[in-house]
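Student: Below is the file input.csv, with CSV, C-alpha atoms and all ligand atoms.
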```csv
chain,number,residue,atom,x,y,z
A,19,MET,CA,0.0,0.0,0.0
A,20,SER,CA,1.7,3.2,-1.2
A,21,ASP,CA,0.1,5.4,1.4
A,22,CYS,CA,1.1,3.2,4.4
A,23,LEU,CA,4.1,4.3,6.4
A,24,PHE,CA,5.2,0.8,7.3
A,25,CYS,CA,4.7,-0.5,3.8
A,26,ARG,CA,6.9,2.3,2.6
A,27,ILE,CA,9.6,1.6,5.2
A,28,ILE,CA,9.5,-2.1,4.2
A,29,ASP,CA,9.9,-1.1,0.5
A,30,ARG,CA,12.8,1.1,1.5
A,31,LYS,CA,11.0,4.2,0.3
A,32,ILE,CA,11.3,5.8,3.7
A,33,PRO,CA,14.5,5.3,5.8
A,34,ALA,CA,14.4,3.4,9.1
A,35,LYS,CA,16.8,1.5,11.2
A,36,ILE,CA,16.1,-2.1,10.1
A,37,VAL,CA,17.4,-4.5,12.7
A,38,TYR,CA,16.0,-7.8,11.3
A,39,GLU,CA,14.3,-9.1,8.2
A,40,ASP,CA,13.1,-12.3,6.7
A,41,GLU,CA,10.6,-13.4,4.1
A,42,ARG,CA,7.6,-12.6,6.3
A,43,ALA,CA,8.7,-9.9,8.8
A,44,VAL,CA,10.8,-6.8,9.2
A,45,ALA,CA,11.9,-5.3,12.6
A,46,ILE,CA,12.9,-1.7,13.0
A,47,GLU,CA,13.8,0.7,15.8
A,48,ASP,CA,11.0,2.9,16.9
A,49,ILE,CA,11.6,6.5,15.9
A,50,HIS,CA,10.2,7.7,19.4
A,51,PRO,CA,11.5,5.0,21.7
A,52,GLN,CA,9.5,4.6,25.0
A,53,SER,CA,12.2,2.5,26.6
A,54,PRO,CA,16.0,1.9,26.0
A,55,THR,CA,15.0,-0.9,23.6
A,56,HIS,CA,11.9,-0.2,21.5
A,57,LEU,CA,11.6,-2.3,18.4
A,58,LEU,CA,8.6,-2.8,16.1
A,59,VAL,CA,8.1,-6.2,14.4
A,60,ILE,CA,6.1,-5.7,11.3
A,61,PRO,CA,4.7,-8.3,8.8
A,62,ARG,CA,5.6,-7.6,5.2
A,63,GLN,CA,1.9,-8.3,4.4
A,64,HIS,CA,-0.3,-5.2,4.9
A,65,LEU,CA,-2.8,-6.0,7.7
A,66,PRO,CA,-4.3,-2.8,9.1
A,67,SER,CA,-4.6,-4.2,12.6
A,68,LEU,CA,-5.3,-7.3,14.6
A,69,LEU,CA,-9.0,-6.8,13.9
A,70,GLU,CA,-8.4,-7.8,10.3
A,71,ALA,CA,-6.4,-10.9,11.1
A,72,GLN,CA,-8.0,-14.2,10.0
A,73,ALA,CA,-7.5,-17.9,10.5
A,74,GLY,CA,-5.1,-18.0,7.6
A,75,ASP,CA,-2.8,-15.5,9.4
A,76,GLU,CA,-2.3,-17.8,12.4
A,77,ALA,CA,1.2,-18.8,11.4
A,78,LEU,CA,2.2,-15.2,10.5
A,79,LEU,CA,1.0,-14.0,13.9
A,80,GLY,CA,3.0,-16.7,15.6
A,81,HIS,CA,6.1,-15.8,13.6
A,82,LEU,CA,5.9,-12.2,14.6
A,83,PHE,CA,6.0,-13.2,18.3
A,84,LEU,CA,8.9,-15.6,17.7
A,85,VAL,CA,10.8,-12.9,16.0
A,86,ALA,CA,10.0,-10.6,18.9
A,87,ALA,CA,11.3,-13.2,21.4
A,88,GLN,CA,14.5,-13.8,19.4
A,89,LEU,CA,15.3,-10.1,19.2
A,90,ALA,CA,14.6,-9.6,22.9
A,91,ARG,CA,16.9,-12.5,23.7
A,92,GLU,CA,19.7,-11.2,21.4
A,93,ARG,CA,19.5,-7.9,23.3
A,94,GLY,CA,19.7,-9.5,26.7
A,95,LEU,CA,16.2,-8.5,27.7
A,96,ASP,CA,15.1,-12.0,28.7
A,97,SER,CA,16.7,-11.9,32.2
A,98,LYS,CA,14.9,-8.7,33.4
A,99,GLY,CA,11.8,-9.1,31.3
A,100,TYR,CA,10.4,-7.2,28.4
A,101,ARG,CA,7.0,-6.2,27.1
A,102,THR,CA,5.3,-7.0,23.8
A,103,VAL,CA,2.4,-4.8,22.9
A,104,ILE,CA,-0.1,-4.6,20.0
A,105,ASN,CA,-2.3,-1.5,20.1
A,106,THR,CA,-5.5,-2.2,18.2
A,107,GLY,CA,-7.6,0.8,17.2
A,108,SER,CA,-7.1,4.5,17.9
A,109,GLY,CA,-8.8,4.1,21.3
A,110,ALA,CA,-6.0,1.8,22.3
A,111,GLY,CA,-3.3,4.0,21.0
A,112,GLN,CA,-2.8,2.6,17.5
A,113,THR,CA,-1.4,5.4,15.3
A,114,VAL,CA,0.0,3.4,12.3
A,115,PHE,CA,-2.6,1.2,10.7
A,116,HIS,CA,-0.2,-1.6,9.6
A,117,LEU,CA,-0.1,-4.3,12.3
A,118,HIS,CA,3.1,-4.3,14.4
A,119,VAL,CA,4.3,-5.8,17.7
A,120,HIS,CA,6.1,-3.4,20.0
A,121,VAL,CA,9.1,-4.9,21.8
A,122,LEU,CA,10.0,-2.8,24.8
A,123,GLY,CA,12.8,-3.4,27.3
A,124,GLY,CA,15.6,-2.0,29.4
A,125,ARG,CA,13.5,-0.4,32.2
A,126,PRO,CA,10.9,-1.5,34.7
A,127,PHE,CA,7.3,-1.8,33.4
A,128,HIS,CA,4.2,-1.3,35.5
A,129,TRP,CA,0.7,-2.9,35.4
A,130,PRO,CA,-1.9,-1.9,34.5
A,131,PRO,CA,-0.3,-0.1,31.5
A,132,GLY,CA,-1.4,3.5,30.8
B,1,LIG,P1,1.2,2.5,17.4
B,1,LIG,O1,0.9,3.8,18.1
B,1,LIG,O2,0.4,2.4,16.1
B,1,LIG,O3,1.0,1.3,18.3
B,1,LIG,O4,2.7,2.4,17.1
B,1,LIG,C1,3.3,3.1,16.0
B,1,LIG,C2,4.7,3.4,16.4
B,1,LIG,O5,5.4,3.7,15.2
B,1,LIG,C3,5.0,4.5,17.4
B,1,LIG,O6,5.6,3.9,18.6
B,1,LIG,C4,5.8,5.5,16.7
B,1,LIG,O7,6.8,6.1,17.5
B,1,LIG,C5,6.4,4.7,15.5
B,1,LIG,N1,6.7,5.4,14.3
B,1,LIG,C6,5.9,6.4,13.8
B,1,LIG,N2,6.4,6.9,12.7
B,1,LIG,C7,7.6,6.2,12.5
B,1,LIG,C8,8.6,6.3,11.5
B,1,LIG,O8,8.6,7.1,10.6
B,1,LIG,N3,9.7,5.5,11.7
B,1,LIG,C9,9.8,4.6,12.8
B,1,LIG,N4,10.9,3.9,12.8
B,1,LIG,N5,8.8,4.5,13.7
B,1,LIG,C10,7.7,5.3,13.6
B,2,ZN,ZN,1.1,-1.3,5.2
```
Take the structure in the file and give it back as structure tokens.
Ligand code: 5GP
Ligand code: ZN

Tutor:
Amino acid sequence: MSDCLFCRIIDRKIPAKIVYEDERAVAIEDIHPQSPTHLLVIPRQHLPSLLEAQAGDEALLGHLFLVAAQLARERGLDSKGYRTVINTGSGAGQTVFHLHVHVLGGRPFHWPPG
């Protein structure tokens, strides 16, 4: 989708710090990090949000979380814990309507989240 920010990043039309990529997913550093580590794991396939995910996307969704866990492990976040977040809909804080998993780590996190 030419008007989607993350599709444009994936297509290298907009620069981003890409930290991982494979045939199904790309991970980038968030431009406004909310913690010392703040990555976004993004499917290459344009899905606006989790709302649009269907049964056929089951493997892709699992893959996004495995990539998130791998990146967290590589950054040494596993010992102190890290947070994975998907904001779905503007009421939940979603601002970019291309599904992505936030991977946040490097500081304490509280519950409930804001
Ligand atoms: P959301 O609010 O949709 O859950 O998350 C979108 C995230 O994308 C935000 O954390 C925001 O900082 C990040 N973001 C927005 N624009 C850009 C950009 O141009 N480049 C990068 N790397 N991240 C972005
Ligand atoms: Zn997109």

Student: Quick one: residues within 12 Å of Leu84 of chain A, only C-alpha atoms, excluding same-chain residues fewer than 4 positions away - as an MDAnalysis selection string?

Tutor: chainID A and resid 42:43 45 59 77:80 88:91 102 119 121

Student: Please check which protein, DNA or RNA residues sit within 10 Å of ligand ZN 2 (chain B), counting only C-alpha atoms and all ligand atoms, and write them as an MDAnalysis selection string.

Tutor: chainID A and resid 19:29 60:67 114:118

Student: May I ask for the distance between atom CA of Pro126 of chain A and atom CA of Leu57 of chain A, given in Å to one decimal place?

Tutor: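 Separating atom CA of Pro126 of chain A from atom CA of Leu57 of chain A is a distance of 16.3 Å.
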
Student: So which residues are near ligand LIG 1 (chain B), meaning at most 7 Å away with only C-alpha atoms and all ligand atoms counted, given back as a PyMOL selection string?

Tutor: chain A and resi 23+34-35+46-51+104-105+111-115

Student: Please identify all polymer residues within 8 Å of Leu122 of chain A, counting all atoms listed in the file, omitting same-chain residues fewer than 4 positions from it, and present them as a ChimeraX atom specification.

Tutor: /A:52-57,100-102

Student: Have a look at atom CA of Ile36 of chain A and atom CA of Leu82 of chain A and let me know their distance in Å, one decimal.

Tutor: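 If I compute the distance from atom CA of Ile36 of chain A to atom CA of Leu82 of chain A, I get 15.0 Å.
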
Student: What is the distance, in Å and to one decimal place, between atom CA of Pro33 of chain A and atom CA of Gly109 of chain A?

Tutor: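 A separation of 28.0 Å between them.
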
Student: Taking all atoms listed in the file into account, name the residue in A:Lys31, A:Ala86, A:Asp96, A:Gly107 that is nearest to Leu68 of chain A.

Tutor: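 Of A:Lys31, A:Ala86, A:Asp96, A:Gly107, the one nearest Leu68 of chain A is A:Gly107, counting all atoms listed in the file.
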
Student: When distances are computed from all atoms listed in the file, which of A:Ala87, A:Gly123, A:Ala71, A:His81 shows the smallest separation from Gly99 of chain A?

Tutor: A:Gly123
